[in-house]
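Chemist: Below is the file entry11.cif, with mmCIF, C-alpha atoms.
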```cif
data_work
#
loop_
_atom_site.label_atom_id
_atom_site.label_comp_id
_atom_site.auth_asym_id
_atom_site.auth_seq_id
_atom_site.Cartn_x
_atom_site.Cartn_y
_atom_site.Cartn_z
CA MET A 1034 187.31 -72.61 -53.42
CA SER A 1035 185.37 -75.53 -52.01
CA GLY A 1036 182.74 -75.51 -54.71
CA ALA A 1037 180.42 -73.16 -52.80
CA TRP A 1038 181.17 -69.54 -52.12
CA THR A 1039 179.25 -66.42 -51.14
CA ALA A 1040 179.09 -62.67 -51.54
CA HIS A 1041 177.20 -59.85 -49.87
CA SER A 1042 176.40 -56.25 -50.58
CA ALA A 1043 174.77 -53.80 -48.22
CA LEU A 1044 174.14 -51.29 -51.02
CA GLU A 1045 170.55 -50.20 -51.62
CA ASP A 1046 170.93 -49.36 -55.29
CA SER A 1047 170.13 -52.59 -57.14
CA ALA A 1048 172.54 -52.14 -60.04
CA ALA A 1049 175.41 -51.22 -57.75
CA ALA A 1050 174.59 -53.99 -55.29
CA ALA A 1051 174.31 -56.59 -58.05
CA ALA A 1052 177.68 -55.45 -59.45
CA GLU A 1053 179.27 -55.76 -56.02
CA VAL A 1054 177.83 -59.24 -55.52
CA ALA A 1055 178.88 -60.30 -59.03
CA ALA A 1056 182.41 -59.11 -58.29
CA GLY A 1057 182.36 -61.03 -55.02
CA LEU A 1058 181.26 -64.23 -56.76
CA ALA A 1059 183.82 -63.90 -59.55
CA GLY A 1060 187.04 -65.82 -59.41
CA GLY A 1061 185.54 -69.02 -58.06
CA GLY A 1062 185.14 -70.71 -61.40
CA GLU A 1063 182.04 -71.04 -63.53
CA PRO A 1064 179.05 -71.57 -61.26
CA ARG A 1065 176.28 -73.98 -62.19
CA ALA A 1066 173.78 -72.37 -59.82
CA ILE A 1067 173.42 -69.05 -58.03
CA VAL A 1068 170.91 -68.32 -55.28
CA PHE A 1069 170.45 -64.75 -54.15
CA MET A 1070 168.36 -63.19 -51.41
CA ALA A 1071 167.67 -59.48 -51.35
CA GLY A 1072 165.85 -56.72 -49.50
CA ILE A 1073 162.26 -56.13 -50.55
CA ARG A 1074 163.03 -52.71 -52.03
CA HIS A 1075 165.55 -54.15 -54.48
CA ASP A 1076 164.74 -54.67 -58.15
CA GLY A 1077 164.80 -58.46 -58.27
CA ALA A 1078 164.55 -58.62 -62.06
CA ALA A 1079 167.59 -56.36 -62.46
CA ILE A 1080 169.63 -58.43 -60.00
CA ALA A 1081 168.70 -61.74 -61.64
CA ARG A 1082 169.47 -60.29 -65.07
CA ALA A 1083 172.83 -58.87 -63.98
CA LEU A 1084 173.93 -62.13 -62.34
CA GLY A 1085 172.71 -64.15 -65.33
CA GLU A 1086 174.67 -61.97 -67.77
CA ARG A 1087 177.83 -62.10 -65.65
CA PHE A 1088 177.57 -65.89 -65.07
CA PRO A 1089 175.97 -67.36 -68.22
CA THR A 1090 176.69 -70.95 -67.14
CA ALA A 1091 174.56 -70.58 -64.01
CA GLN A 1092 170.91 -71.10 -63.29
CA VAL A 1093 169.92 -68.14 -61.11
CA ILE A 1094 167.06 -67.83 -58.63
CA GLY A 1095 166.35 -65.29 -55.91
CA CYS A 1096 163.71 -63.70 -53.74
CA SER A 1097 162.94 -60.87 -51.35
CA THR A 1098 163.58 -61.33 -47.64
CA ASP A 1099 163.10 -60.17 -44.08
CA GLY A 1100 166.89 -59.94 -43.83
CA GLU A 1101 169.77 -61.75 -45.51
CA PHE A 1102 173.10 -63.15 -44.40
CA THR A 1103 176.20 -65.15 -45.25
CA GLU A 1104 178.96 -66.57 -43.08
CA ARG A 1105 180.73 -63.19 -43.29
CA ALA A 1106 177.97 -60.58 -43.28
CA ARG A 1107 174.39 -59.98 -42.27
CA GLY A 1108 171.93 -57.19 -42.74
CA LYS A 1109 168.59 -56.07 -44.10
CA GLY A 1110 168.00 -54.41 -47.44
CA GLY A 1111 171.15 -55.68 -49.18
CA ILE A 1112 171.89 -58.78 -51.24
CA ALA A 1113 173.40 -62.08 -50.12
CA ALA A 1114 174.25 -64.75 -52.67
CA THR A 1115 175.92 -68.09 -53.08
CA ALA A 1116 177.41 -69.73 -56.14
CA LEU A 1117 177.75 -73.49 -56.56
CA SER A 1118 180.32 -74.94 -58.94
CA SER A 1119 180.32 -78.14 -60.95
CA ALA A 1120 181.97 -79.79 -57.93
CA LYS A 1121 178.61 -79.49 -56.18
CA VAL A 1122 176.04 -79.38 -58.98
CA GLY A 1123 175.71 -81.26 -62.26
CA ALA A 1124 172.67 -80.61 -64.39
CA ALA A 1125 170.34 -77.87 -63.17
CA ALA A 1126 167.27 -75.98 -64.33
CA ALA A 1127 165.33 -73.03 -62.92
CA THR A 1128 162.00 -71.39 -63.62
CA ILE A 1129 159.17 -69.52 -61.95
CA ALA A 1130 155.78 -71.04 -61.26
CA HIS A 1131 153.12 -68.35 -61.37
CA VAL A 1132 150.87 -69.04 -58.39
CA GLY A 1133 148.64 -65.96 -58.58
CA GLY A 1134 145.86 -67.97 -60.23
CA ASP A 1135 145.42 -71.73 -60.11
CA VAL A 1136 148.35 -72.82 -57.93
CA GLU A 1137 148.20 -76.45 -59.06
CA GLU A 1138 148.29 -75.45 -62.73
CA GLY A 1139 151.07 -72.93 -62.14
CA ILE A 1140 153.25 -75.59 -60.53
CA ARG A 1141 152.38 -78.19 -63.19
CA ALA A 1142 153.37 -75.78 -65.97
CA ALA A 1143 156.65 -74.97 -64.20
CA ALA A 1144 157.35 -78.68 -63.70
CA ARG A 1145 156.87 -79.26 -67.44
CA ARG A 1146 159.39 -76.48 -68.22
CA LEU A 1147 161.89 -77.96 -65.77
CA SER A 1148 161.39 -81.45 -67.20
CA ASP A 1149 161.88 -80.13 -70.74
CA ALA A 1150 165.07 -78.31 -69.72
CA LEU A 1151 166.48 -81.37 -67.97
CA GLY A 1152 165.33 -83.79 -70.64
CA ARG A 1153 163.48 -86.02 -68.20
CA ASP A 1154 160.36 -85.94 -66.08
CA LEU A 1155 160.81 -84.64 -62.53
CA ARG A 1156 159.08 -87.79 -61.31
CA GLU A 1157 161.90 -89.88 -62.74
CA LEU A 1158 164.69 -88.06 -60.93
CA ASP A 1159 166.48 -90.10 -58.27
CA PRO A 1160 165.66 -88.32 -54.98
CA GLN A 1161 168.97 -89.43 -53.54
CA ARG A 1162 170.87 -87.52 -56.24
CA TRP A 1163 168.51 -84.68 -57.11
CA VAL A 1164 167.02 -81.93 -55.00
CA GLY A 1165 164.85 -78.88 -55.51
CA LEU A 1166 165.01 -75.42 -54.02
CA ALA A 1167 161.77 -73.44 -53.74
CA LEU A 1168 161.46 -69.73 -53.02
CA LEU A 1169 157.76 -69.25 -52.38
CA GLU A 1170 155.54 -66.20 -52.62
CA GLY A 1171 155.33 -65.37 -48.95
CA ALA A 1172 152.60 -62.83 -48.23
CA LYS A 1173 149.33 -64.36 -49.33
CA GLY A 1174 149.01 -67.60 -47.43
CA ARG A 1175 149.42 -69.97 -50.36
CA GLU A 1176 152.36 -72.02 -49.09
CA GLU A 1177 150.31 -75.09 -48.17
CA LYS A 1178 148.84 -75.27 -51.68
CA ILE A 1179 152.23 -74.70 -53.31
CA ASN A 1180 153.86 -77.45 -51.25
CA GLU A 1181 151.00 -79.83 -51.98
CA ALA A 1182 151.25 -79.08 -55.70
CA LEU A 1183 155.01 -79.67 -55.65
CA GLY A 1184 154.35 -83.02 -53.96
CA ASN A 1185 151.86 -83.88 -56.67
CA VAL A 1186 154.28 -83.27 -59.55
CA ALA A 1187 157.28 -84.91 -57.85
CA PRO A 1188 156.28 -86.71 -54.63
CA LEU A 1189 159.65 -88.34 -54.06
CA LEU A 1190 161.77 -85.25 -54.68
CA SER A 1191 162.59 -82.88 -51.83
CA PHE A 1192 161.88 -79.22 -52.50
CA VAL A 1193 163.50 -77.25 -49.68
CA GLY A 1194 163.02 -73.56 -49.23
CA GLY A 1195 161.23 -70.70 -47.68
CA SER A 1196 158.65 -68.01 -48.09
CA ALA A 1197 159.95 -64.77 -49.56
CA GLY A 1198 159.93 -61.89 -47.10
CA ASP A 1199 158.96 -58.25 -47.09
CA ASP A 1200 160.36 -56.97 -43.80
CA ILE A 1201 157.62 -58.98 -42.02
CA GLN A 1202 154.84 -56.83 -43.52
CA PHE A 1203 153.06 -59.78 -45.22
CA LYS A 1204 151.93 -57.51 -48.05
CA GLN A 1205 154.00 -58.17 -51.16
CA THR A 1206 157.02 -60.30 -51.89
CA TRP A 1207 158.83 -61.18 -55.12
CA VAL A 1208 160.81 -63.99 -56.66
CA ALA A 1209 163.10 -64.10 -59.69
CA ALA A 1210 164.68 -66.75 -61.90
CA ASN A 1211 167.01 -66.42 -64.88
CA GLY A 1212 166.03 -62.81 -65.53
CA ALA A 1213 162.29 -63.37 -65.07
CA PHE A 1214 160.47 -61.77 -62.15
CA ASP A 1215 157.13 -62.45 -60.47
CA PRO A 1216 155.49 -60.76 -57.47
CA ASP A 1217 153.13 -63.73 -57.29
CA GLY A 1218 155.38 -66.65 -58.04
CA CYS A 1219 157.45 -69.51 -56.74
CA ALA A 1220 161.02 -69.72 -58.03
CA LEU A 1221 162.17 -73.30 -58.50
CA LEU A 1222 165.68 -74.66 -59.00
CA VAL A 1223 166.22 -78.39 -59.52
CA MET A 1224 169.79 -79.63 -59.18
CA GLU A 1225 171.68 -82.86 -59.66
CA MET A 1226 173.93 -82.87 -56.60
CA LYS A 1227 177.52 -84.00 -56.99
CA ALA A 1228 178.13 -83.83 -53.24
CA PRO A 1229 176.29 -85.60 -50.42
CA PHE A 1230 173.33 -83.50 -49.33
CA ALA A 1231 170.63 -83.43 -46.68
CA VAL A 1232 167.79 -81.30 -45.44
CA LEU A 1233 168.41 -79.43 -42.21
CA LYS A 1234 165.27 -78.73 -40.19
CA THR A 1235 165.58 -77.65 -36.62
CA CYS A 1236 163.86 -75.43 -34.10
CA SER A 1237 164.51 -74.23 -30.59
CA PHE A 1238 161.47 -75.81 -28.99
CA GLU A 1239 160.68 -79.18 -27.46
CA PRO A 1240 157.29 -80.64 -26.65
CA SER A 1241 155.97 -80.11 -23.15
CA GLU A 1242 153.70 -82.66 -21.51
CA ARG A 1243 150.67 -80.51 -22.36
CA VAL A 1244 148.77 -81.58 -25.49
CA VAL A 1245 145.54 -80.37 -27.07
CA THR A 1246 143.26 -81.65 -29.80
CA VAL A 1247 142.04 -79.35 -32.54
CA THR A 1248 138.30 -79.96 -32.51
CA ALA A 1249 137.38 -77.27 -35.05
CA ALA A 1250 139.48 -75.35 -37.55
CA ASP A 1251 139.36 -73.46 -40.82
CA PRO A 1252 142.63 -74.47 -42.51
CA SER A 1253 142.01 -72.28 -45.55
CA ARG A 1254 142.12 -69.21 -43.28
CA ARG A 1255 144.76 -70.69 -40.95
CA LEU A 1256 142.34 -70.43 -38.04
CA ILE A 1257 142.00 -72.79 -35.09
CA LEU A 1258 138.42 -72.38 -33.91
CA GLU A 1259 138.33 -74.84 -31.03
CA LEU A 1260 140.82 -76.69 -28.87
CA ASP A 1261 139.54 -79.58 -26.75
CA GLY A 1262 135.98 -78.57 -27.63
CA ARG A 1263 136.38 -75.06 -26.26
CA PRO A 1264 136.98 -71.68 -27.90
CA ALA A 1265 140.59 -71.87 -29.09
CA ALA A 1266 141.77 -68.52 -27.68
CA GLU A 1267 140.35 -69.33 -24.25
CA ARG A 1268 141.91 -72.81 -24.11
CA TYR A 1269 145.27 -71.58 -25.47
CA ALA A 1270 145.39 -68.79 -22.87
CA GLU A 1271 144.70 -71.36 -20.15
CA LEU A 1272 147.32 -73.71 -21.54
CA THR A 1273 150.07 -71.10 -21.84
CA GLY A 1274 149.23 -69.04 -18.76
CA LEU A 1275 148.96 -65.94 -20.96
CA ARG A 1276 146.23 -63.42 -20.29
CA ARG A 1277 143.51 -63.41 -22.93
CA GLU A 1278 144.35 -59.78 -23.79
CA ASP A 1279 148.01 -60.71 -24.31
CA LEU A 1280 147.39 -63.14 -27.15
CA ASP A 1281 149.37 -61.08 -29.65
CA PHE A 1282 152.45 -61.75 -31.82
CA VAL A 1283 155.01 -60.77 -29.19
CA HIS A 1284 153.60 -63.16 -26.57
CA CYS A 1285 152.36 -65.98 -28.79
CA ILE A 1286 155.67 -66.26 -30.66
CA GLN A 1287 157.15 -67.71 -27.49
CA ALA A 1288 154.53 -70.43 -27.18
CA PRO A 1289 154.02 -72.19 -30.52
CA LEU A 1290 152.10 -75.42 -30.95
CA GLY A 1291 153.84 -78.44 -32.41
CA LEU A 1292 152.63 -81.27 -34.61
CA MET A 1293 154.88 -84.18 -33.69
CA ILE A 1294 155.91 -86.42 -36.62
CA ASP A 1295 158.41 -89.23 -36.02
CA GLY A 1296 159.41 -87.53 -32.78
CA LYS A 1297 160.22 -84.22 -34.48
CA PRO A 1298 158.15 -81.05 -34.08
CA TRP A 1299 156.58 -79.33 -37.06
CA LEU A 1300 155.82 -75.96 -35.50
CA ARG A 1301 152.53 -74.18 -35.96
CA SER A 1302 153.07 -70.63 -34.71
CA VAL A 1303 150.14 -68.82 -33.18
CA VAL A 1304 150.17 -65.25 -34.48
CA GLN A 1305 147.35 -63.77 -32.41
CA ALA A 1306 143.82 -64.23 -31.18
CA ASN A 1307 141.16 -63.54 -33.78
CA GLY A 1308 137.99 -63.19 -31.72
CA ASP A 1309 137.57 -66.56 -30.03
CA ALA A 1310 139.80 -68.23 -32.63
CA LEU A 1311 143.56 -68.38 -33.02
CA PHE A 1312 145.15 -67.09 -36.20
CA CYS A 1313 148.20 -69.21 -37.03
CA ALA A 1314 151.08 -68.84 -39.46
CA CYS A 1315 150.19 -72.11 -41.17
CA ALA A 1316 147.16 -74.31 -41.59
CA VAL A 1317 146.13 -76.75 -38.87
CA LEU A 1318 143.74 -79.60 -39.66
CA PRO A 1319 140.76 -80.52 -37.47
CA GLY A 1320 141.42 -83.66 -35.45
CA THR A 1321 145.11 -82.91 -35.07
CA THR A 1322 146.79 -83.40 -31.71
CA LEU A 1323 149.28 -80.66 -30.94
CA SER A 1324 151.85 -80.25 -28.18
CA LEU A 1325 152.43 -76.97 -26.42
CA MET A 1326 156.09 -76.33 -27.05
CA ARG A 1327 158.71 -75.28 -24.52
CA ALA A 1328 161.59 -73.01 -25.57
CA THR A 1329 165.12 -74.35 -25.56
CA ASP A 1330 168.44 -72.62 -26.34
CA MET A 1331 168.45 -71.46 -29.98
CA VAL A 1332 172.24 -71.17 -30.20
CA GLN A 1333 172.95 -74.59 -28.70
CA ASP A 1334 170.18 -76.20 -30.74
CA ALA A 1335 171.58 -74.83 -34.00
CA ALA A 1336 175.07 -76.06 -33.10
CA ARG A 1337 173.74 -79.51 -32.19
CA ALA A 1338 171.70 -79.70 -35.41
CA ILE A 1339 174.72 -78.88 -37.55
CA ASP A 1340 176.90 -81.40 -35.69
CA ALA A 1341 174.23 -84.09 -35.99
CA ILE A 1342 173.63 -83.67 -39.70
CA GLU A 1343 177.38 -83.67 -40.42
CA ARG A 1344 177.85 -86.83 -38.36
CA GLU A 1345 174.69 -88.75 -39.21
CA GLU A 1346 173.79 -87.74 -42.77
CA LEU A 1347 176.69 -86.12 -44.60
CA GLY A 1348 179.48 -88.11 -42.96
CA ALA A 1349 181.70 -85.07 -43.37
CA LYS A 1350 181.96 -81.38 -42.59
CA MET A 1351 179.46 -79.25 -44.44
CA GLY A 1352 180.80 -77.71 -47.61
CA GLY A 1353 177.94 -75.27 -47.85
CA ALA A 1354 174.36 -74.46 -46.97
CA ILE A 1355 171.38 -72.51 -48.24
CA LEU A 1356 169.39 -71.54 -45.16
CA PHE A 1357 165.90 -70.28 -44.40
CA ASN A 1358 165.55 -68.88 -40.91
CA CYS A 1359 162.08 -67.91 -39.76
CA ALA A 1360 161.69 -64.18 -39.22
CA GLY A 1361 160.08 -65.09 -35.91
CA ARG A 1362 163.39 -66.63 -34.84
CA MET A 1363 165.15 -63.45 -35.93
CA VAL A 1364 162.78 -61.45 -33.71
CA GLU A 1365 163.23 -63.92 -30.87
CA ALA A 1366 167.04 -63.81 -31.19
CA SER A 1367 166.93 -60.03 -31.19
CA MET A 1368 164.70 -59.92 -28.10
CA LYS A 1369 167.08 -62.28 -26.29
CA GLY A 1370 170.23 -60.50 -27.50
CA ILE A 1371 171.72 -63.65 -29.02
CA GLU A 1372 171.91 -62.72 -32.71
CA ALA A 1373 175.71 -62.54 -32.78
CA ASP A 1374 176.11 -65.90 -31.03
CA TYR A 1375 173.52 -67.50 -33.30
CA HIS A 1376 175.15 -66.28 -36.50
CA ALA A 1377 178.56 -67.26 -35.16
CA VAL A 1378 177.35 -70.86 -34.97
CA LEU A 1379 175.92 -70.76 -38.50
CA SER A 1380 179.14 -69.17 -39.73
CA ARG A 1381 181.09 -72.34 -39.08
CA VAL A 1382 179.73 -73.22 -42.52
CA VAL A 1383 179.90 -71.38 -45.84
CA HIS A 1384 176.30 -70.34 -46.33
CA VAL A 1385 173.77 -67.95 -47.73
CA GLY A 1386 170.60 -67.42 -45.78
CA MET A 1387 167.52 -65.32 -45.36
CA HIS A 1388 165.03 -64.53 -42.68
CA SER A 1389 161.83 -65.88 -44.18
CA ASN A 1390 158.06 -65.59 -43.85
CA GLY A 1391 157.92 -69.36 -43.35
CA GLU A 1392 159.87 -72.46 -44.30
CA SER A 1393 159.06 -75.32 -46.63
CA TRP A 1394 159.97 -78.96 -46.93
CA LEU A 1395 157.23 -81.50 -47.70
CA GLY A 1396 154.87 -78.88 -46.31
CA HIS A 1397 154.75 -75.40 -44.88
CA MET A 1398 156.06 -74.77 -41.37
CA ASN A 1399 156.97 -72.01 -38.96
CA HIS A 1400 159.72 -70.93 -36.60
CA THR A 1401 162.43 -73.22 -37.90
CA LEU A 1402 165.89 -73.09 -39.37
CA THR A 1403 165.49 -75.13 -42.54
CA GLY A 1404 167.85 -75.54 -45.43
CA LEU A 1405 169.72 -77.52 -48.00
CA VAL A 1406 173.14 -78.54 -46.71
CA PHE A 1407 175.84 -80.39 -48.60
CA GLY A 1408 179.26 -81.89 -48.14
CA MET B 536 135.15 -96.49 -53.97
CA SER B 537 138.61 -97.56 -52.85
CA ARG B 538 139.86 -101.13 -53.30
CA PHE B 539 141.62 -100.88 -49.98
CA ALA B 540 139.86 -102.23 -46.93
CA SER B 541 142.01 -100.43 -44.41
CA LEU B 542 144.75 -97.87 -43.93
CA GLY B 543 146.98 -100.82 -43.05
CA ASP B 544 146.44 -102.22 -46.56
CA ILE B 545 147.40 -98.86 -48.04
CA GLU B 546 150.50 -98.72 -45.88
CA SER B 547 151.56 -102.19 -47.07
CA ALA B 548 150.98 -101.32 -50.72
CA LEU B 549 152.84 -98.02 -50.40
CA ARG B 550 155.79 -99.70 -48.68
CA ARG B 551 155.96 -102.20 -51.55
CA GLN B 552 156.00 -99.31 -54.03
CA LEU B 553 158.51 -97.29 -51.97
CA PRO B 554 160.84 -99.84 -50.36
CA LEU B 555 163.36 -97.23 -49.24
CA ASN B 556 162.28 -96.21 -45.75
CA ALA B 557 163.42 -92.60 -46.12
CA ILE B 558 161.26 -92.16 -49.20
CA PHE B 559 158.26 -93.84 -47.59
CA THR B 560 158.73 -91.57 -44.58
CA SER B 561 158.80 -88.41 -46.67
CA VAL B 562 155.62 -89.38 -48.52
CA ASN B 563 154.01 -90.29 -45.20
CA THR B 564 154.94 -86.84 -43.87
CA ARG B 565 153.25 -85.26 -46.88
CA LEU B 566 150.15 -87.34 -46.07
CA ILE B 567 150.14 -86.27 -42.43
CA LEU B 568 150.42 -82.61 -43.35
CA GLN B 569 147.70 -82.87 -46.01
CA THR B 570 145.24 -85.26 -44.36
CA GLY B 571 146.18 -85.60 -40.70
CA ILE B 572 146.55 -89.36 -41.17
CA ASN B 573 149.80 -91.10 -40.23
CA LEU B 574 150.35 -94.45 -41.94
CA LYS B 575 153.20 -95.25 -39.54
CA GLN B 576 150.94 -94.85 -36.52
CA ILE B 577 147.47 -95.78 -37.70
CA ARG B 578 144.77 -94.90 -35.21
CA GLU B 579 142.41 -97.76 -34.49
CA ASP B 580 139.36 -95.56 -35.04
CA GLN B 581 140.65 -94.55 -38.49
CA ASN B 582 142.00 -97.85 -39.80
CA LYS B 583 138.80 -99.07 -41.45
CA SER B 584 137.08 -95.72 -41.76
CA PRO B 585 135.92 -95.29 -45.40
CA ALA B 586 136.32 -91.53 -45.08
CA ALA B 587 139.92 -91.85 -43.87
CA ILE B 588 140.74 -94.44 -46.55
CA ASP B 589 139.26 -92.26 -49.29
CA LYS B 590 141.13 -89.22 -48.02
CA VAL B 591 144.49 -91.01 -48.14
CA VAL B 592 143.83 -92.72 -51.47
CA ASP B 593 142.80 -89.40 -52.97
CA ALA B 594 145.97 -87.68 -51.73
CA LEU B 595 148.15 -90.51 -53.04
CA ARG B 596 146.28 -90.47 -56.36
CA ARG B 597 147.04 -86.77 -56.74
CA MET B 598 150.71 -87.63 -56.18
CA GLY B 599 150.44 -90.32 -58.85
CA LEU B 600 151.16 -93.11 -56.35
CA LEU B 601 149.30 -96.43 -56.03
CA GLU B 602 147.59 -95.68 -59.34
CA ASP B 603 147.49 -99.36 -60.33
CA LYS B 604 145.17 -99.93 -57.38
CA GLN B 605 142.55 -97.36 -58.38
#
```
Can you give me the file's structure in the form of structure tokens?

Modeler:
Amino acid sequence: MSGAWTAHSALEDSAAAAAEVAAGLAGGGEPRAIVFMAGIRHDGAAIARALGERFPTAQVIGCSTDGEFTERARGKGGIAATALSSAKVGAAAATIAHVGGDVEEGIRAAARRLSDALGRDLRELDPQRWVGLALLEGAKGREEKINEALGNVAPLLSFVGGSAGDDIQFKQTWVAANGAFDPDGCALLVMEMKAPFAVLKTCSFEPSERVVTVTAADPSRRLILELDGRPAAERYAELTGLRREDLDFVHCIQAPLGLMIDGKPWLRSVVQANGDALFCACAVLPGTTLSLMRATDMVQDAARAIDAIEREELGAKMGGAILFNCAGRMVEASMKGIEADYHAVLSRVVHVGMHSNGESWLGHMNHTLTGLVFG
Amino acid sequence: MSRFASLGDIESALRRQLPLNAIFTSVNTRLILQTGINLKQIREDQNKSPAAIDKVVDALRRMGLLEDKQ
């Protein structure tokens, strides 16, 4: 074992699936951390409890998905999991932040529990040795607030993760940690990494020469009201060449807008027209300049991103990865018939992954492959 | 009222507090996503804007950064 290993079950019965995953994770030593991703119909509390009882040395977190995968299997409605040994992880602590009320307070309380468990304040953790995983409630549009609150309790620490899924229904998701369960929570796992690590964030779009300025927006409702001083739907249709009546998920998913930061796109997916406005999958601030993005090759981009991070950041082949792949990319890959090729590229690396309702790192974003990767 | 006269002053103070460029960059990314203001590419029309300065100082204060300057 390399210090990271995975298991998968396609079973729909939670007890049976958890037992199959536990059996698959056994034999690799005593894990320090386990991350599982499961279909929305599964009993997350039962899975977390079963894995915790079977692996008492491990901190366990998990969430519901839009589909889950490892380097050897993929599906929807099952369970995928990874275990990390002491070769990868030193100290670790997990908890759930309840975000159904005051998000800031929920995250602060969770941060206090994590700090107590680790014996030191999260703010004091060396961000070059420590990292956080965050599995966010993914149906109620709170990801911006959750990310901001995480930045407020530990601004130097990376929390990487994604929004829990529910088969892309955006109605109800769940998260779990160490036997606890919350349909309105954010599961957090903070780890001292014993291996080199980095954050992978890539997408299969590049900026075109066409840019627009957001002249009016309602970030709290994820609405762009105006682009370049004109009704947003009208200007976006003109920009993309789409007919006004075609501004729906299927068409808009292929023409996201991108906020460019340090030359890298942070995608803001347009979901659909909402009257004269555009409803997006994450908040956009007034005054922001956005690029209309042009699709590139998802398979080649993923391969290049993995090569680049191995070469430039890890200095070695990846020993494992915990991946969050936007459900929109899953839909796009399916429409283009490239799912097998895409997963073949990811499967060069031992990994667990999920199709997510959004991805998180420093903030909330859309239509990316984001994850924690390590040597 | 902020003690900073410009976004450039804030950038300098934050770089002193966070000398590692990768860490400065990640905090700057948080700022861009929360406020729309980029301390690595300060717009001329924002540099001495009290509203822009207050917005950034407030975001950094919530993160517990630059607190000795408040």

Chemist: Which chain B residues are at most 8 Å from chain A (counting all atoms listed in the file), as a list of chain:residue names?

Modeler: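 That gives B:Ile558, B:Ser561, B:Val562, B:Thr564, B:Arg565, B:Leu568, B:Gln569, B:Thr570, B:Gly571, B:Arg597, B:Met598, B:Gly599 for chain B.
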
Chemist: Taking the file above as input, evaluate the PyMOL selection byres ((chain A and resi 1384) around 6) and report the hits as a PyMOL selection string.

Modeler: chain A and resi 1103-1104+1353-1355+1382-1383+1385

Chemist: Neighbouring residues of B:Gln581 were defined as those with any atom within 12 Å, considering all atoms listed in the file; residues of the same chain fewer than 4 positions away were excluded. Please report them as a PDB file with C-alpha atoms, keeping the file's coordinate frame.

Modeler:
```
ATOM      1  CA  GLY A1320     141.420 -83.660 -35.450  1.00  0.00           C
TER       2      GLY A1320
ATOM      3  CA  ALA B 540     139.860-102.230 -46.930  1.00  0.00           C
ATOM      4  CA  SER B 541     142.010-100.430 -44.410  1.00  0.00           C
ATOM      5  CA  LEU B 542     144.750 -97.870 -43.930  1.00  0.00           C
ATOM      6  CA  GLY B 543     146.980-100.820 -43.050  1.00  0.00           C
ATOM      7  CA  THR B 570     145.240 -85.260 -44.360  1.00  0.00           C
ATOM      8  CA  GLY B 571     146.180 -85.600 -40.700  1.00  0.00           C
ATOM      9  CA  ILE B 572     146.550 -89.360 -41.170  1.00  0.00           C
ATOM     10  CA  ASN B 573     149.800 -91.100 -40.230  1.00  0.00           C
ATOM     11  CA  LEU B 574     150.350 -94.450 -41.940  1.00  0.00           C
ATOM     12  CA  GLN B 576     150.940 -94.850 -36.520  1.00  0.00           C
ATOM     13  CA  ILE B 577     147.470 -95.780 -37.700  1.00  0.00           C
ATOM     14  CA  PRO B 585     135.920 -95.290 -45.400  1.00  0.00           C
ATOM     15  CA  ALA B 586     136.320 -91.530 -45.080  1.00  0.00           C
ATOM     16  CA  ALA B 587     139.920 -91.850 -43.870  1.00  0.00           C
ATOM     17  CA  ILE B 588     140.740 -94.440 -46.550  1.00  0.00           C
ATOM     18  CA  ASP B 589     139.260 -92.260 -49.290  1.00  0.00           C
ATOM     19  CA  LYS B 590     141.130 -89.220 -48.020  1.00  0.00           C
ATOM     20  CA  VAL B 591     144.490 -91.010 -48.140  1.00  0.00           C
TER      21      VAL B 591
END
```

Chemist: Applying the PyMOL selection byres ((chain A and resi 1122-1133) around 6) to the file I just gave you, which residues come out? Please list them as a ChimeraX atom specification.

Modeler: /A:1092,1119,1121,1134,1136,1139-1140,1143,1147,1210,1217-1227

Chemist: Kindly resolve the PyMOL selection byres ((chain B and resi 552) around 12) on the present coordinates and return the residues as a ChimeraX atom specification.

Modeler: /A:1189 /B:545-551,553-556,558-559,562,595,599-604

Chemist: Could those selected residues go to a file with C-alpha atoms, as a CSV table (one decimal), in the coordinates of the input?

Modeler:
```csv
chain,number,residue,atom,x,y,z
A,1189,LEU,CA,159.6,-88.3,-54.1
B,545,ILE,CA,147.4,-98.9,-48.0
B,546,GLU,CA,150.5,-98.7,-45.9
B,547,SER,CA,151.6,-102.2,-47.1
B,548,ALA,CA,151.0,-101.3,-50.7
B,549,LEU,CA,152.8,-98.0,-50.4
B,550,ARG,CA,155.8,-99.7,-48.7
B,551,ARG,CA,156.0,-102.2,-51.6
B,553,LEU,CA,158.5,-97.3,-52.0
B,554,PRO,CA,160.8,-99.8,-50.4
B,555,LEU,CA,163.4,-97.2,-49.2
B,556,ASN,CA,162.3,-96.2,-45.8
B,558,ILE,CA,161.3,-92.2,-49.2
B,559,PHE,CA,158.3,-93.8,-47.6
B,562,VAL,CA,155.6,-89.4,-48.5
B,595,LEU,CA,148.2,-90.5,-53.0
B,599,GLY,CA,150.4,-90.3,-58.8
B,600,LEU,CA,151.2,-93.1,-56.4
B,601,LEU,CA,149.3,-96.4,-56.0
B,602,GLU,CA,147.6,-95.7,-59.3
B,603,ASP,CA,147.5,-99.4,-60.3
B,604,LYS,CA,145.2,-99.9,-57.4
```

Chemist: Assuming 3 Å of padding per side, give the centre and edge lengths of the axis-aligned box around every listed atom of stretch 1104-1116 of chain A, in Å to one decimal and as AutoDock Vina command-line options.

Modeler:
```
--center_x 174.4 --center_y -62.1 --center_z -49.2 --size_x 18.7 --size_y 21.3 --size_z 19.9
```

Chemist: Nearest residue to B:Ala557 out of A:Leu1260, A:Ala1231, A:Met1351, A:Ala1144, using only C-alpha atoms?

Modeler: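 Nearest to B:Ala557: A:Ala1231.
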